[in-house]
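Reproduced below: start05.pdb, with PDB, C-alpha atoms.
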MODEL        1
ATOM      1  CA  MET A 267       0.000   0.000   0.000
ATOM      2  CA  ILE A 268       1.503   3.312  -1.114
ATOM      3  CA  LEU A 269       0.433   6.154   1.129
ATOM      4  CA  ASN A 270      -0.239   9.636  -0.183
ATOM      5  CA  TYR A 271       1.840  11.828   2.093
ATOM      6  CA  ASP A 272       1.260  15.570   1.631
ATOM      7  CA  ALA A 273       3.802  18.049   0.244
ATOM      8  CA  ASN A 274       5.491  18.126   3.663
ATOM      9  CA  GLY A 275       5.775  14.342   3.803
ATOM     10  CA  LEU A 276       2.994  14.083   6.384
ATOM     11  CA  ILE A 277      -0.256  12.168   6.685
ATOM     12  CA  PRO A 278      -2.985  12.821   9.259
ATOM     13  CA  ALA A 279      -3.841  10.072  11.724
ATOM     14  CA  VAL A 280      -7.146   9.854  13.575
ATOM     15  CA  LEU A 281      -6.920   8.048  16.908
ATOM     16  CA  GLN A 282     -10.000   6.165  18.029
ATOM     17  CA  ASP A 283     -10.511   4.260  21.257
ATOM     18  CA  ASN A 284     -10.709   0.610  20.231
ATOM     19  CA  GLU A 285     -13.266  -0.228  22.900
ATOM     20  CA  THR A 286     -15.566   2.783  23.122
ATOM     21  CA  GLY A 287     -15.257   4.084  19.547
ATOM     22  CA  GLU A 288     -14.538   7.564  20.898
ATOM     23  CA  VAL A 289     -12.395   9.781  18.641
ATOM     24  CA  LEU A 290      -9.474  10.855  20.831
ATOM     25  CA  MET A 291      -7.242  13.100  18.747
ATOM     26  CA  VAL A 292      -5.805  13.802  15.319
ATOM     27  CA  ALA A 293      -2.058  14.113  14.826
ATOM     28  CA  TRP A 294       0.384  13.930  11.936
ATOM     29  CA  MET A 295       2.841  11.229  10.947
ATOM     30  CA  ASN A 296       5.797  11.125   8.633
ATOM     31  CA  ALA A 297       7.189   7.856   7.281
ATOM     32  CA  GLN A 298       9.608   7.529  10.188
ATOM     33  CA  SER A 299       6.942   7.943  12.861
ATOM     34  CA  LEU A 300       4.700   5.460  11.077
ATOM     35  CA  ASN A 301       7.542   2.946  10.917
ATOM     36  CA  LEU A 302       8.228   3.414  14.631
ATOM     37  CA  THR A 303       4.517   3.032  15.371
ATOM     38  CA  ARG A 304       4.401  -0.258  13.502
ATOM     39  CA  GLU A 305       7.647  -1.547  15.025
ATOM     40  CA  THR A 306       6.762  -0.712  18.627
ATOM     41  CA  GLY A 307       2.956  -0.907  18.605
ATOM     42  CA  GLU A 308       2.913   2.524  20.241
ATOM     43  CA  ALA A 309       1.704   5.655  18.436
ATOM     44  CA  HIS A 310       4.488   8.001  17.287
ATOM     45  CA  PHE A 311       3.867  11.298  15.506
ATOM     46  CA  TRP A 312       5.629  14.205  13.892
ATOM     47  CA  SER A 313       5.160  17.411  15.836
ATOM     48  CA  ARG A 314       4.644  20.216  13.313
ATOM     49  CA  SER A 315       5.155  22.916  15.958
ATOM     50  CA  ARG A 316       8.274  21.425  17.542
ATOM     51  CA  LYS A 317       9.472  19.918  14.268
ATOM     52  CA  GLN A 318      10.455  16.673  15.905
ATOM     53  CA  LEU A 319       9.488  13.076  16.279
ATOM     54  CA  TRP A 320       7.121  12.545  19.143
ATOM     55  CA  ARG A 321       6.248   9.349  20.993
ATOM     56  CA  LYS A 322       2.775   9.970  22.378
ATOM     57  CA  GLY A 323       2.916   9.584  26.164
ATOM     58  CA  ASP A 324       6.672  10.075  26.377
ATOM     59  CA  THR A 325       6.309  12.664  29.139
ATOM     60  CA  SER A 326       2.755  11.963  30.355
ATOM     61  CA  GLY A 327       2.996   8.175  30.346
ATOM     62  CA  ASN A 328      -0.231   8.070  28.348
ATOM     63  CA  ILE A 329       1.006   5.704  25.669
ATOM     64  CA  MET A 330      -1.428   4.819  22.879
ATOM     65  CA  HIS A 331      -1.167   1.089  22.194
ATOM     66  CA  VAL A 332      -2.066   0.458  18.598
ATOM     67  CA  ILE A 333      -4.519  -2.368  17.936
ATOM     68  CA  LYS A 334      -5.144  -1.778  14.241
ATOM     69  CA  ILE A 335      -4.131   0.703  11.529
ATOM     70  CA  LEU A 336      -6.662   1.391   8.781
ATOM     71  CA  VAL A 337      -6.208   3.533   5.693
ATOM     72  CA  ASP A 338      -8.875   5.359   3.736
ATOM     73  CA  CYS A 339      -9.899   4.863   0.113
ATOM     74  CA  ASP A 340      -7.494   7.460  -1.300
ATOM     75  CA  ALA A 341      -4.684   6.494   1.086
ATOM     76  CA  ASP A 342      -4.182   9.996   2.446
ATOM     77  CA  THR A 343      -5.478   9.496   5.991
ATOM     78  CA  LEU A 344      -4.863   6.853   8.649
ATOM     79  CA  LEU A 345      -7.192   5.597  11.358
ATOM     80  CA  LEU A 346      -5.450   4.135  14.388
ATOM     81  CA  GLN A 347      -7.617   2.083  16.689
ATOM     82  CA  VAL A 348      -5.871   2.206  20.021
ATOM     83  CA  SER A 349      -5.981   1.095  23.612
ATOM     84  CA  PRO A 350      -5.036   4.265  25.522
ATOM     85  CA  ALA A 351      -2.948   3.988  28.703
ATOM     86  CA  GLY A 352      -4.473   7.288  29.843
ATOM     87  CA  PRO A 353      -6.080  10.504  28.618
ATOM     88  CA  ALA A 354      -5.182  11.523  25.067
ATOM     89  CA  CYS A 355      -5.411  15.253  25.742
ATOM     90  CA  HIS A 356      -2.721  17.343  27.394
ATOM     91  CA  THR A 357      -5.527  18.930  29.446
ATOM     92  CA  GLY A 358      -6.119  15.596  31.168
ATOM     93  CA  LYS A 359      -9.384  14.976  29.346
ATOM     94  CA  LYS A 360      -9.837  11.614  27.695
ATOM     95  CA  THR A 361     -10.342  13.120  24.254
ATOM     96  CA  CYS A 362      -9.058  16.320  22.667
ATOM     97  CA  PHE A 363     -12.540  16.837  21.155
ATOM     98  CA  TYR A 364     -14.265  18.240  24.224
ATOM     99  CA  GLY A 365     -15.189  21.656  22.801
ATOM    100  CA  LYS A 366     -18.497  22.286  21.117
ATOM    101  CA  LEU A 367     -18.549  24.792  18.262
ATOM    102  CA  ASP A 368     -20.514  27.842  19.542
TER     103      ASP A 368
ATOM    104  CA  MET B  69     -14.152  30.096  19.195
ATOM    105  CA  ILE B  70     -11.391  31.053  16.764
ATOM    106  CA  LEU B  71     -10.405  28.155  14.551
ATOM    107  CA  ASN B  72      -6.837  27.570  13.459
ATOM    108  CA  TYR B  73      -7.119  27.140   9.719
ATOM    109  CA  ASP B  74      -3.907  26.036   8.006
ATOM    110  CA  ALA B  75      -1.839  28.139   5.594
ATOM    111  CA  ASN B  76      -4.323  27.272   2.822
ATOM    112  CA  GLY B  77      -7.303  28.356   4.897
ATOM    113  CA  LEU B  78      -8.393  24.777   5.514
ATOM    114  CA  ILE B  79      -9.177  22.666   8.558
ATOM    115  CA  PRO B  80      -9.581  18.876   8.587
ATOM    116  CA  ALA B  81     -12.942  17.432   9.607
ATOM    117  CA  VAL B  82     -13.406  13.882  10.884
ATOM    118  CA  LEU B  83     -16.870  12.467  10.228
ATOM    119  CA  GLN B  84     -18.174   9.974  12.744
ATOM    120  CA  ASP B  85     -21.459   8.086  12.651
ATOM    121  CA  ASN B  86     -23.478   9.518  15.515
ATOM    122  CA  GLU B  87     -25.107   6.177  16.332
ATOM    123  CA  THR B  88     -22.430   3.561  15.787
ATOM    124  CA  GLY B  89     -19.320   5.646  16.534
ATOM    125  CA  GLU B  90     -17.759   4.455  13.285
ATOM    126  CA  VAL B  91     -15.263   6.865  11.689
ATOM    127  CA  LEU B  92     -16.563   7.418   8.157
ATOM    128  CA  MET B  93     -14.167   9.794   6.402
ATOM    129  CA  VAL B  94     -11.881  12.790   6.766
ATOM    130  CA  ALA B  95     -12.291  15.809   4.495
ATOM    131  CA  TRP B  96     -11.265  19.460   4.510
ATOM    132  CA  MET B  97     -13.284  22.581   5.144
ATOM    133  CA  ASN B  98     -12.690  26.237   4.504
ATOM    134  CA  ALA B  99     -14.638  28.951   6.325
ATOM    135  CA  GLN B 100     -17.300  29.042   3.609
ATOM    136  CA  SER B 101     -17.959  25.297   3.695
ATOM    137  CA  LEU B 102     -18.132  25.378   7.474
ATOM    138  CA  ASN B 103     -20.634  28.223   7.357
ATOM    139  CA  LEU B 104     -22.752  26.326   4.826
ATOM    140  CA  THR B 105     -22.544  23.212   6.990
ATOM    141  CA  ARG B 106     -23.809  25.120  10.002
ATOM    142  CA  GLU B 107     -26.535  26.924   8.059
ATOM    143  CA  THR B 108     -27.900  23.838   6.324
ATOM    144  CA  GLY B 109     -27.097  21.068   8.803
ATOM    145  CA  GLU B 110     -25.522  19.138   5.917
ATOM    146  CA  ALA B 111     -21.783  18.553   5.621
ATOM    147  CA  HIS B 112     -20.032  20.725   3.019
ATOM    148  CA  PHE B 113     -16.323  20.514   2.245
ATOM    149  CA  TRP B 114     -13.618  22.060   0.150
ATOM    150  CA  SER B 115     -12.289  19.692  -2.481
ATOM    151  CA  ARG B 116      -8.524  20.144  -2.635
ATOM    152  CA  SER B 117      -8.263  18.213  -5.909
ATOM    153  CA  ARG B 118     -11.141  19.933  -7.703
ATOM    154  CA  LYS B 119     -10.553  23.262  -5.922
ATOM    155  CA  GLN B 120     -14.229  23.804  -5.331
ATOM    156  CA  LEU B 121     -16.891  23.759  -2.702
ATOM    157  CA  TRP B 122     -18.469  20.367  -2.313
ATOM    158  CA  ARG B 123     -21.751  19.406  -0.709
ATOM    159  CA  LYS B 124     -21.276  15.807   0.382
ATOM    160  CA  GLY B 125     -23.912  13.677  -1.320
ATOM    161  CA  ASP B 126     -24.638  16.200  -4.058
ATOM    162  CA  THR B 127     -24.309  13.577  -6.771
ATOM    163  CA  SER B 128     -24.684  10.367  -4.750
ATOM    164  CA  GLY B 129     -27.548  11.517  -2.550
ATOM    165  CA  ASN B 130     -25.597  10.382   0.479
ATOM    166  CA  ILE B 131     -26.019  13.554   2.494
ATOM    167  CA  MET B 132     -24.349  13.692   5.893
ATOM    168  CA  HIS B 133     -26.770  15.268   8.366
ATOM    169  CA  VAL B 134     -24.776  16.983  11.081
ATOM    170  CA  ILE B 135     -25.846  16.308  14.650
ATOM    171  CA  LYS B 136     -22.968  17.960  16.480
ATOM    172  CA  ILE B 137     -19.710  19.752  15.646
ATOM    173  CA  LEU B 138     -16.865  19.393  18.132
ATOM    174  CA  VAL B 139     -13.481  21.086  18.034
ATOM    175  CA  ASP B 140     -10.236  19.828  19.508
ATOM    176  CA  CYS B 141      -8.111  21.424  22.224
ATOM    177  CA  ASP B 142      -5.924  23.425  19.845
ATOM    178  CA  ALA B 143      -8.814  24.287  17.531
ATOM    179  CA  ASP B 144      -7.183  22.923  14.398
ATOM    180  CA  THR B 145      -9.409  19.898  13.774
ATOM    181  CA  LEU B 146     -13.176  19.396  13.720
ATOM    182  CA  LEU B 147     -15.182  16.309  14.609
ATOM    183  CA  LEU B 148     -18.592  16.113  12.957
ATOM    184  CA  GLN B 149     -20.985  13.619  14.438
ATOM    185  CA  VAL B 150     -23.399  12.810  11.658
ATOM    186  CA  SER B 151     -26.419  10.812  10.654
ATOM    187  CA  PRO B 152     -25.480   9.507   7.182
ATOM    188  CA  ALA B 153     -28.177   9.185   4.508
ATOM    189  CA  GLY B 154     -26.040   6.496   2.852
ATOM    190  CA  PRO B 155     -22.487   5.223   2.468
ATOM    191  CA  ALA B 156     -19.766   7.824   3.020
ATOM    192  CA  CYS B 157     -17.340   6.285   0.546
ATOM    193  CA  HIS B 158     -17.485   6.738  -3.222
ATOM    194  CA  THR B 159     -16.863   2.974  -3.467
ATOM    195  CA  GLY B 160     -20.247   2.338  -1.876
ATOM    196  CA  LYS B 161     -18.763   1.174   1.404
ATOM    197  CA  LYS B 162     -20.129   2.717   4.561
ATOM    198  CA  THR B 163     -16.751   4.077   5.626
ATOM    199  CA  CYS B 164     -13.718   5.190   3.634
ATOM    200  CA  PHE B 165     -11.525   3.406   6.205
ATOM    201  CA  TYR B 166     -11.927  -0.132   4.904
ATOM    202  CA  GLY B 167      -8.273  -0.807   4.075
ATOM    203  CA  LYS B 168      -5.928  -2.417   6.546
ATOM    204  CA  LEU B 169      -2.290  -1.345   6.426
ATOM    205  CA  ASP B 170      -0.336  -4.417   5.171
TER     206      ASP B 170
ENDMDL
END
Would you write the structure of this file as structure tokens?
Amino acid sequence: MILNYDANGLIPAVLQDNETGEVLMVAWMNAQSLNLTRETGEAHFWSRSRKQLWRKGDTSGNIMHVIKILVDCDADTLLLQVSPAGPACHTGKKTCFYGKLD
Amino acid sequence: MILNYDANGLIPAVLQDNETGEVLMVAWMNAQSLNLTRETGEAHFWSRSRKQLWRKGDTSGNIMHVIKILVDCDADTLLLQVSPAGPACHTGKKTCFYGKLD
């Protein structure tokens, strides 16, 4: 499967709780972080703000254990079904999607 | 709520089935498509390939009725919880995420 990385070599990844179906966060991967994710079974990303590789949970301990990686029909987005060791959000909430528009 | 659109004026939107929790697709919105989505209650996107506004289901009839719009902690991704009138994927599958990596 050839993935369609964007012009910056990145692909968005949606993280979904494997048990509850809750959408936890969206982050970006480059080829290296995807390789590390597949090798370790733990979600790794590319931080666009810090411009560095990022193992989710490295400081918080809230590792995202990857159960399954799915890819969409045009191969430009990933869906990671995960078993989270703790909250996905840096605010301590389980999901980053806690804000309602309006 | 001020949204963090990217350098192209776009923000990614994850569509999730409001009843089953299934992640259906990811597409991109600009401010105009978001406004139309909120005004009509039907998901509208910006097609990056066709460079035009796109009402999901316009040709297929598979409108995505929006139940709730959530925004993530750094306001750069939307989560639309929807009631789909039909399959989200142009292949006729319910979700675009039917491919398994490997």
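Residues surrounding Lys360 in chain A within 10 Å are Asp283, Glu288, Val289, Leu290, Met291, Pro350, Gly352, Pro353 and Ala354 of chain A [all atoms listed in the file; sequence separation below 6 positions excluded].
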Could I have chain B as a short mmCIF file (atom, residue, chain, number, x, y, z; two decimals) with C-alpha atoms, keeping the file's coordinate frame after it is superimposed on chain A by least squares, pairing all C-alpha atoms in sequence order?
data_model
loop_
_atom_site.label_atom_id
_atom_site.label_comp_id
_atom_site.auth_asym_id
_atom_site.auth_seq_id
_atom_site.Cartn_x
_atom_site.Cartn_y
_atom_site.Cartn_z
CA MET B 69 -0.03 0.00 -0.02
CA ILE B 70 1.48 3.31 -1.13
CA LEU B 71 0.44 6.15 1.13
CA ASN B 72 -0.22 9.63 -0.18
CA TYR B 73 1.84 11.83 2.09
CA ASP B 74 1.26 15.56 1.63
CA ALA B 75 3.79 18.05 0.23
CA ASN B 76 5.49 18.13 3.65
CA GLY B 77 5.77 14.35 3.81
CA LEU B 78 3.01 14.08 6.39
CA ILE B 79 -0.25 12.17 6.69
CA PRO B 80 -2.98 12.83 9.26
CA ALA B 81 -3.84 10.07 11.73
CA VAL B 82 -7.15 9.85 13.58
CA LEU B 83 -6.92 8.04 16.91
CA GLN B 84 -10.00 6.16 18.02
CA ASP B 85 -10.51 4.26 21.26
CA ASN B 86 -10.70 0.62 20.22
CA GLU B 87 -13.28 -0.23 22.89
CA THR B 88 -15.57 2.77 23.11
CA GLY B 89 -15.27 4.09 19.54
CA GLU B 90 -14.54 7.56 20.90
CA VAL B 91 -12.40 9.78 18.66
CA LEU B 92 -9.47 10.84 20.84
CA MET B 93 -7.23 13.10 18.76
CA VAL B 94 -5.80 13.80 15.32
CA ALA B 95 -2.05 14.12 14.82
CA TRP B 96 0.40 13.93 11.93
CA MET B 97 2.84 11.23 10.94
CA ASN B 98 5.81 11.13 8.64
CA ALA B 99 7.19 7.86 7.28
CA GLN B 100 9.62 7.52 10.19
CA SER B 101 6.94 7.95 12.86
CA LEU B 102 4.71 5.47 11.07
CA ASN B 103 7.54 2.94 10.92
CA LEU B 104 8.23 3.42 14.64
CA THR B 105 4.52 3.04 15.37
CA ARG B 106 4.40 -0.25 13.50
CA GLU B 107 7.63 -1.55 15.02
CA THR B 108 6.76 -0.70 18.62
CA GLY B 109 2.96 -0.91 18.62
CA GLU B 110 2.91 2.53 20.24
CA ALA B 111 1.71 5.65 18.44
CA HIS B 112 4.49 8.00 17.29
CA PHE B 113 3.87 11.29 15.51
CA TRP B 114 5.62 14.19 13.91
CA SER B 115 5.15 17.41 15.84
CA ARG B 116 4.63 20.20 13.31
CA SER B 117 5.15 22.90 15.94
CA ARG B 118 8.27 21.42 17.53
CA LYS B 119 9.49 19.91 14.25
CA GLN B 120 10.46 16.67 15.89
CA LEU B 121 9.48 13.08 16.28
CA TRP B 122 7.12 12.54 19.15
CA ARG B 123 6.24 9.35 20.99
CA LYS B 124 2.77 9.96 22.38
CA GLY B 125 2.91 9.59 26.15
CA ASP B 126 6.66 10.09 26.38
CA THR B 127 6.30 12.68 29.12
CA SER B 128 2.76 11.98 30.35
CA GLY B 129 2.98 8.20 30.33
CA ASN B 130 -0.23 8.08 28.35
CA ILE B 131 0.99 5.71 25.67
CA MET B 132 -1.43 4.82 22.89
CA HIS B 133 -1.17 1.09 22.20
CA VAL B 134 -2.08 0.46 18.59
CA ILE B 135 -4.51 -2.36 17.92
CA LYS B 136 -5.15 -1.77 14.23
CA ILE B 137 -4.12 0.71 11.52
CA LEU B 138 -6.65 1.39 8.77
CA VAL B 139 -6.19 3.54 5.69
CA ASP B 140 -8.86 5.37 3.74
CA CYS B 141 -9.89 4.87 0.12
CA ASP B 142 -7.48 7.44 -1.30
CA ALA B 143 -4.68 6.50 1.08
CA ASP B 144 -4.17 9.99 2.44
CA THR B 145 -5.47 9.50 5.99
CA LEU B 146 -4.86 6.85 8.65
CA LEU B 147 -7.19 5.61 11.36
CA LEU B 148 -5.45 4.14 14.39
CA GLN B 149 -7.62 2.09 16.68
CA VAL B 150 -5.89 2.21 20.03
CA SER B 151 -5.99 1.09 23.62
CA PRO B 152 -5.05 4.27 25.54
CA ALA B 153 -2.95 3.99 28.71
CA GLY B 154 -4.47 7.29 29.86
CA PRO B 155 -6.09 10.50 28.63
CA ALA B 156 -5.18 11.52 25.08
CA CYS B 157 -5.41 15.24 25.74
CA HIS B 158 -2.71 17.34 27.39
CA THR B 159 -5.52 18.92 29.45
CA GLY B 160 -6.12 15.59 31.15
CA LYS B 161 -9.39 14.97 29.35
CA LYS B 162 -9.84 11.61 27.70
CA THR B 163 -10.35 13.12 24.26
CA CYS B 164 -9.06 16.32 22.67
CA PHE B 165 -12.53 16.83 21.16
CA TYR B 166 -14.25 18.24 24.22
CA GLY B 167 -15.17 21.65 22.79
CA LYS B 168 -18.49 22.29 21.13
CA LEU B 169 -18.54 24.79 18.28
CA ASP B 170 -20.55 27.81 19.58
#
Contacts of chain B with chain A up to 10 Å, shortest pair per row, all atoms listed in the file, as a tab-separated table:
residue	atom	partner	partner_atom	distance
B:Met69	CA	A:Asp368	CA	6.8
B:Ile70	CA	A:Leu367	CA	9.6
B:Leu71	CA	A:Leu367	CA	9.6
B:Pro80	CA	A:Pro278	CA	9.0
B:Ala81	CA	A:Val292	CA	9.8
B:Val82	CA	A:Val280	CA	7.9
B:Leu83	CA	A:Val289	CA	9.9
B:Gln84	CA	A:Val289	CA	8.3
B:Thr88	CA	A:Gly287	CA	8.1
B:Gly89	CA	A:Gly287	CA	5.3
B:Glu90	CA	A:Gly287	CA	6.8
B:Val91	CA	A:Val289	CA	8.1
B:Leu92	CA	A:Asp338	CA	9.1
B:Met93	CA	A:Asp338	CA	7.4
B:Val94	CA	A:Thr343	CA	7.2
B:Ala95	CA	A:Thr343	CA	9.4
B:Arg106	CA	A:Leu367	CA	9.8
B:Lys136	CA	A:Lys366	CA	7.8
B:Ile137	CA	A:Leu367	CA	5.8
B:Leu138	CA	A:Lys366	CA	4.5
B:Val139	CA	A:Gly365	CA	5.1
B:Asp140	CA	A:Phe363	CA	4.1
B:Cys141	CA	A:Cys362	CA	5.2
B:Asp142	CA	A:Cys362	CA	8.3
B:Ala143	CA	A:Gly365	CA	8.7
B:Asp144	CA	A:Val292	CA	9.3
B:Thr145	CA	A:Val292	CA	7.2
B:Leu146	CA	A:Phe363	CA	7.9
B:Leu147	CA	A:Phe363	CA	7.1
B:Cys157	CA	A:Cys339	CA	7.6
B:His158	CA	A:Cys339	CA	8.5
B:Thr159	CA	A:Cys339	CA	8.1
B:Lys161	CA	A:Cys339	CA	9.7
B:Thr163	CA	A:Asp338	CA	8.2
B:Cys164	CA	A:Asp338	CA	4.8
B:Phe165	CA	A:Asp338	CA	4.1
B:Tyr166	CA	A:Asp338	CA	6.4
B:Gly167	CA	A:Val337	CA	5.1
B:Lys168	CA	A:Leu336	CA	4.5
B:Leu169	CA	A:Leu336	CA	5.7
B:Asp170	CA	A:Met267	CA	6.8
Could you dump the residues just selected with C-alpha atoms as a CSV table (one decimal), in the coordinates of the input?
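What follows is the written file part36.csv:
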chain,number,residue,atom,x,y,z
B,69,MET,CA,-14.2,30.1,19.2
B,70,ILE,CA,-11.4,31.1,16.8
B,71,LEU,CA,-10.4,28.2,14.6
B,80,PRO,CA,-9.6,18.9,8.6
B,81,ALA,CA,-12.9,17.4,9.6
B,82,VAL,CA,-13.4,13.9,10.9
B,83,LEU,CA,-16.9,12.5,10.2
B,84,GLN,CA,-18.2,10.0,12.7
B,88,THR,CA,-22.4,3.6,15.8
B,89,GLY,CA,-19.3,5.6,16.5
B,90,GLU,CA,-17.8,4.5,13.3
B,91,VAL,CA,-15.3,6.9,11.7
B,92,LEU,CA,-16.6,7.4,8.2
B,93,MET,CA,-14.2,9.8,6.4
B,94,VAL,CA,-11.9,12.8,6.8
B,95,ALA,CA,-12.3,15.8,4.5
B,106,ARG,CA,-23.8,25.1,10.0
B,136,LYS,CA,-23.0,18.0,16.5
B,137,ILE,CA,-19.7,19.8,15.6
B,138,LEU,CA,-16.9,19.4,18.1
B,139,VAL,CA,-13.5,21.1,18.0
B,140,ASP,CA,-10.2,19.8,19.5
B,141,CYS,CA,-8.1,21.4,22.2
B,142,ASP,CA,-5.9,23.4,19.8
B,143,ALA,CA,-8.8,24.3,17.5
B,144,ASP,CA,-7.2,22.9,14.4
B,145,THR,CA,-9.4,19.9,13.8
B,146,LEU,CA,-13.2,19.4,13.7
B,147,LEU,CA,-15.2,16.3,14.6
B,157,CYS,CA,-17.3,6.3,0.5
B,158,HIS,CA,-17.5,6.7,-3.2
B,159,THR,CA,-16.9,3.0,-3.5
B,161,LYS,CA,-18.8,1.2,1.4
B,163,THR,CA,-16.8,4.1,5.6
B,164,CYS,CA,-13.7,5.2,3.6
B,165,PHE,CA,-11.5,3.4,6.2
B,166,TYR,CA,-11.9,-0.1,4.9
B,167,GLY,CA,-8.3,-0.8,4.1
B,168,LYS,CA,-5.9,-2.4,6.5
B,169,LEU,CA,-2.3,-1.3,6.4
B,170,ASP,CA,-0.3,-4.4,5.2
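Note that CA of Ser299 in chain A and CA of Met97 in chain B are 26.1 Å apart.
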* Asked: Can you list, as a PyMOL selection string, the residues that the PyMOL selection byres ((chain B and resi 109) around 12) selects here?
  -> chain B and resi 101-108+110-112+123-124+131-137+148-152
Six-sided padding of 6 Å per side, axis-aligned box over range 154-168 of chain B, centre and edges in Å, one decimal, as lines of an AutoDock Vina configuration file:
center_x = -16.0
center_y = 2.7
center_z = 1.5
size_x = 32.1
size_y = 22.2
size_z = 22.0
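Put simply, the PyMOL selection byres ((chain B and resi 98) around 7) in this file takes in B:Gly77, B:Leu78, B:Ile79, B:Trp96, B:Met97, B:Ala99, B:Gln100, B:Ser101, B:Leu102, B:Trp114.
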* Asked: At what distance in Å, to one decimal, does CA of Asn284 in chain A lie from CA of Asp272 in chain A?
  -> 26.7 Å
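When CA of Asp324 in chain A is paired with CA of Gly358 in chain A, their separation reads 14.7 Å.
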